[in-house]
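File shown: entry_6.cif. Contents: mmCIF, C-alpha atoms.
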```cif
data_model
#
loop_
_atom_site.label_atom_id
_atom_site.label_comp_id
_atom_site.auth_asym_id
_atom_site.auth_seq_id
_atom_site.Cartn_x
_atom_site.Cartn_y
_atom_site.Cartn_z
CA GLN D 39 13.72 -22.20 56.37
CA VAL D 40 11.39 -23.63 58.96
CA GLN D 41 7.62 -23.77 58.61
CA LEU D 42 5.47 -23.97 61.75
CA VAL D 43 1.82 -24.99 61.81
CA GLU D 44 -0.10 -24.76 65.09
CA SER D 45 -3.32 -26.36 66.22
CA GLY D 46 -5.28 -27.03 69.39
CA GLY D 47 -6.47 -23.66 70.67
CA GLY D 48 -10.02 -22.91 71.69
CA LEU D 49 -12.39 -22.04 74.49
CA VAL D 50 -12.16 -23.87 77.80
CA GLN D 51 -13.60 -23.34 81.27
CA PRO D 52 -11.36 -22.47 84.21
CA GLY D 53 -9.71 -25.60 85.54
CA GLY D 54 -9.89 -27.28 82.16
CA SER D 55 -7.17 -28.55 79.86
CA LEU D 56 -6.00 -27.99 76.31
CA ARG D 57 -3.14 -29.35 74.27
CA LEU D 58 -1.43 -27.23 71.66
CA SER D 59 0.53 -28.79 68.83
CA CYS D 60 3.09 -27.28 66.51
CA ALA D 61 4.41 -29.18 63.53
CA ALA D 62 7.75 -28.00 62.18
CA SER D 63 8.94 -28.85 58.70
CA GLY D 64 11.72 -27.75 56.42
CA SER D 65 15.23 -27.32 57.79
CA ILE D 66 14.43 -28.93 61.13
CA ARG D 67 17.80 -30.61 61.68
CA SER D 68 19.30 -27.24 62.59
CA ILE D 69 16.67 -26.29 65.14
CA ASN D 70 18.28 -25.48 68.50
CA ALA D 71 15.10 -25.01 70.51
CA MET D 72 11.35 -24.84 70.17
CA GLY D 73 8.81 -23.28 72.41
CA TRP D 74 5.58 -21.43 72.99
CA TYR D 75 5.06 -17.75 73.59
CA ARG D 76 1.83 -15.97 74.39
CA GLN D 77 0.58 -12.47 73.93
CA ARG D 78 -2.33 -10.99 75.83
CA PRO D 79 -4.12 -7.86 74.61
CA GLY D 80 -1.99 -4.79 75.19
CA LYS D 81 0.89 -6.86 76.55
CA GLN D 82 4.25 -7.97 75.23
CA ARG D 83 4.85 -11.46 73.92
CA ASP D 84 6.16 -13.65 76.73
CA LEU D 85 7.92 -17.00 76.72
CA VAL D 86 5.66 -19.66 78.22
CA ALA D 87 7.77 -22.79 77.76
CA GLU D 88 10.67 -23.93 75.69
CA ILE D 89 12.62 -27.10 75.08
CA THR D 90 16.09 -27.36 73.62
CA SER D 91 17.32 -29.95 71.17
CA GLY D 92 19.02 -31.56 74.16
CA GLY D 93 15.73 -31.85 76.05
CA VAL D 94 16.27 -29.05 78.56
CA THR D 95 13.03 -27.28 79.43
CA ASN D 96 12.25 -23.84 80.76
CA TYR D 97 8.90 -22.48 81.96
CA LEU D 98 7.32 -19.19 82.87
CA ASP D 99 6.94 -19.19 86.65
CA SER D 100 3.17 -18.78 86.54
CA VAL D 101 2.69 -21.97 84.49
CA LYS D 102 5.11 -24.26 86.32
CA GLY D 103 3.35 -27.37 87.52
CA ARG D 104 0.41 -26.77 85.17
CA PHE D 105 1.95 -26.76 81.68
CA THR D 106 4.22 -29.37 80.14
CA ILE D 107 6.19 -29.03 76.93
CA SER D 108 7.30 -32.08 74.99
CA THR D 109 8.51 -33.01 71.54
CA ILE D 110 8.33 -35.88 69.15
CA SER D 111 10.45 -36.46 66.10
CA LYS D 112 8.55 -38.55 63.65
CA ASN D 113 11.22 -38.63 61.00
CA ASN D 114 13.94 -36.43 59.64
CA ALA D 115 11.41 -34.18 57.94
CA ARG D 116 8.88 -33.51 60.67
CA TYR D 117 9.26 -32.42 64.26
CA THR D 118 6.33 -31.66 66.56
CA VAL D 119 6.22 -29.84 69.85
CA TYR D 120 3.29 -30.06 72.26
CA LEU D 121 2.15 -27.87 75.10
CA GLN D 122 -0.13 -29.65 77.54
CA MET D 123 -1.99 -27.05 79.56
CA ASN D 124 -3.82 -28.16 82.70
CA SER D 125 -5.64 -26.26 85.43
CA LEU D 126 -6.17 -23.35 83.07
CA LYS D 127 -6.94 -19.94 84.50
CA PRO D 128 -8.60 -16.90 82.94
CA GLU D 129 -5.22 -15.14 82.98
CA ASP D 130 -3.91 -17.80 80.59
CA THR D 131 -6.14 -16.31 77.91
CA ALA D 132 -3.92 -15.18 75.05
CA VAL D 133 -2.78 -15.86 71.54
CA TYR D 134 -0.19 -18.60 71.74
CA TYR D 135 2.64 -18.65 69.20
CA CYS D 136 4.92 -21.52 68.35
CA HIS D 137 8.57 -20.53 68.05
CA ALA D 138 11.64 -22.23 66.65
CA LEU D 139 15.21 -21.05 66.98
CA ARG D 140 17.46 -22.18 64.14
CA TYR D 141 21.01 -20.96 64.59
CA ILE D 142 20.27 -17.29 65.36
CA SER D 143 17.07 -17.03 63.32
CA ASP D 144 13.62 -16.91 64.87
CA HIS D 145 10.69 -18.61 63.20
CA TRP D 146 7.07 -18.12 64.25
CA GLY D 147 3.77 -19.82 63.74
CA GLN D 148 0.61 -17.93 62.91
CA GLY D 149 -0.73 -18.07 66.46
CA THR D 150 -3.69 -19.84 68.02
CA GLN D 151 -6.22 -18.29 70.39
CA VAL D 152 -6.71 -19.80 73.83
CA THR D 153 -9.62 -18.44 75.83
CA VAL D 154 -10.28 -19.52 79.41
CA SER D 155 -13.72 -18.39 80.50
CA SER D 156 -16.84 -19.67 82.18
#
```

Just dump the structure as structure tokens.
Amino acid sequence: QVQLVESGGGLVQPGGSLRLSCAASGSIRSINAMGWYRQRPGKQRDLVAEITSGGVTNYLDSVKGRFTISTISKNNARYTVYLQMNSLKPEDTAVYYCHALRYISDHWGQGTQVTVSS
């Protein structure tokens, strides 16, 4: 099992920045990829950014050049993924969920609210 704990959401003005963090613990050695999804009210959950265990990244077109995903492995028991979000826009407002893929199993964090508003 993989446990995911997110932090870093909040309220920011348009053009501002936020950094989301997701700490993974448990069976992290078998994680194939980690990433961030977001869900806006009345919309489906969309992939925002992901990074594989090999370091390959993938981004939603609308966030390319503004968001950066990265990881850090502190030891064999803890693995953290970050989402640096710059030049935020009101349409980035959503609940952001951390995701981990372990073999064929999906694991989700509890979600963190990001609100971009003046």

Care to translate the PyMOL selection byres ((chain D and resi 142) around 12) into actual residues of this file, as a PDB file with C-alpha atoms, keeping the file's coordinate frame?
```pdb
ATOM      1  CA  SER D  68      19.300 -27.240  62.590  1.00  0.00           C
ATOM      2  CA  ILE D  69      16.670 -26.290  65.140  1.00  0.00           C
ATOM      3  CA  ASN D  70      18.280 -25.480  68.500  1.00  0.00           C
ATOM      4  CA  ALA D  71      15.100 -25.010  70.510  1.00  0.00           C
ATOM      5  CA  ALA D 138      11.640 -22.230  66.650  1.00  0.00           C
ATOM      6  CA  LEU D 139      15.210 -21.050  66.980  1.00  0.00           C
ATOM      7  CA  ARG D 140      17.460 -22.180  64.140  1.00  0.00           C
ATOM      8  CA  TYR D 141      21.010 -20.960  64.590  1.00  0.00           C
ATOM      9  CA  SER D 143      17.070 -17.030  63.320  1.00  0.00           C
ATOM     10  CA  ASP D 144      13.620 -16.910  64.870  1.00  0.00           C
ATOM     11  CA  HIS D 145      10.690 -18.610  63.200  1.00  0.00           C
TER      12      HIS D 145
END
```

- Best match for closeness to Val86 in chain D among D:Leu49, D:Val154, D:Val43, D:Cys136, counting all atoms listed in the file: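 Nearest to Val86 in chain D: D:Cys136.
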
Which polymer residues have any atom within 9 Å of an atom of range 100-108 of chain D, counting all atoms listed in the file, with same-chain residues fewer than 4 positions away left out, as a ChimeraX atom specification? /D:73-74,86-89,93,95-96,118-126,130

*asked:* For a cutoff of 12 Å around the file-coordinate point (5.3, -23.8, 61.6), which residues qualify once you count only C-alpha atoms? I'd like the result as a ChimeraX atom specification.
replied: /D:39-45,59-66,72-74,116-119,135-139,144-150

Keeping only C-alpha atoms, write the selected residues to a file as a tab-separated table (two decimals), keeping the file's coordinate frame.
```
chain	number	residue	atom	x	y	z
D	39	GLN	CA	13.72	-22.20	56.37
D	40	VAL	CA	11.39	-23.63	58.96
D	41	GLN	CA	7.62	-23.77	58.61
D	42	LEU	CA	5.47	-23.97	61.75
D	43	VAL	CA	1.82	-24.99	61.81
D	44	GLU	CA	-0.10	-24.76	65.09
D	45	SER	CA	-3.32	-26.36	66.22
D	59	SER	CA	0.53	-28.79	68.83
D	60	CYS	CA	3.09	-27.28	66.51
D	61	ALA	CA	4.41	-29.18	63.53
D	62	ALA	CA	7.75	-28.00	62.18
D	63	SER	CA	8.94	-28.85	58.70
D	64	GLY	CA	11.72	-27.75	56.42
D	65	SER	CA	15.23	-27.32	57.79
D	66	ILE	CA	14.43	-28.93	61.13
D	72	MET	CA	11.35	-24.84	70.17
D	73	GLY	CA	8.81	-23.28	72.41
D	74	TRP	CA	5.58	-21.43	72.99
D	116	ARG	CA	8.88	-33.51	60.67
D	117	TYR	CA	9.26	-32.42	64.26
D	118	THR	CA	6.33	-31.66	66.56
D	119	VAL	CA	6.22	-29.84	69.85
D	135	TYR	CA	2.64	-18.65	69.20
D	136	CYS	CA	4.92	-21.52	68.35
D	137	HIS	CA	8.57	-20.53	68.05
D	138	ALA	CA	11.64	-22.23	66.65
D	139	LEU	CA	15.21	-21.05	66.98
D	144	ASP	CA	13.62	-16.91	64.87
D	145	HIS	CA	10.69	-18.61	63.20
D	146	TRP	CA	7.07	-18.12	64.25
D	147	GLY	CA	3.77	-19.82	63.74
D	148	GLN	CA	0.61	-17.93	62.91
D	149	GLY	CA	-0.73	-18.07	66.46
D	150	THR	CA	-3.69	-19.84	68.02
```

The PyMOL selection byres ((chain D and resi 78) around 9) on the file shown: which residues, as an MDAnalysis selection string? chainID D and resid 76:77 79:84 129:134

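Here CA of Thr153 in chain D and CA of Thr90 in chain D stand 27.3 Å from one another.
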
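CA of Gln151 in chain D is found 6.1 Å from CA of Gly48 in chain D.
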
- Message: Please report the interatomic distance between CA of Leu58 in chain D and CA of Leu98 in chain D in Å with one decimal.
- Response: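 Interatomic distance, CA of Leu58 in chain D to CA of Leu98 in chain D: 16.3 Å.
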
One residue among D:Leu85, D:Ile110, D:Val94, D:Val152 is nearest to Gln51 in chain D when using all atoms listed in the file, and that residue is D:Val152
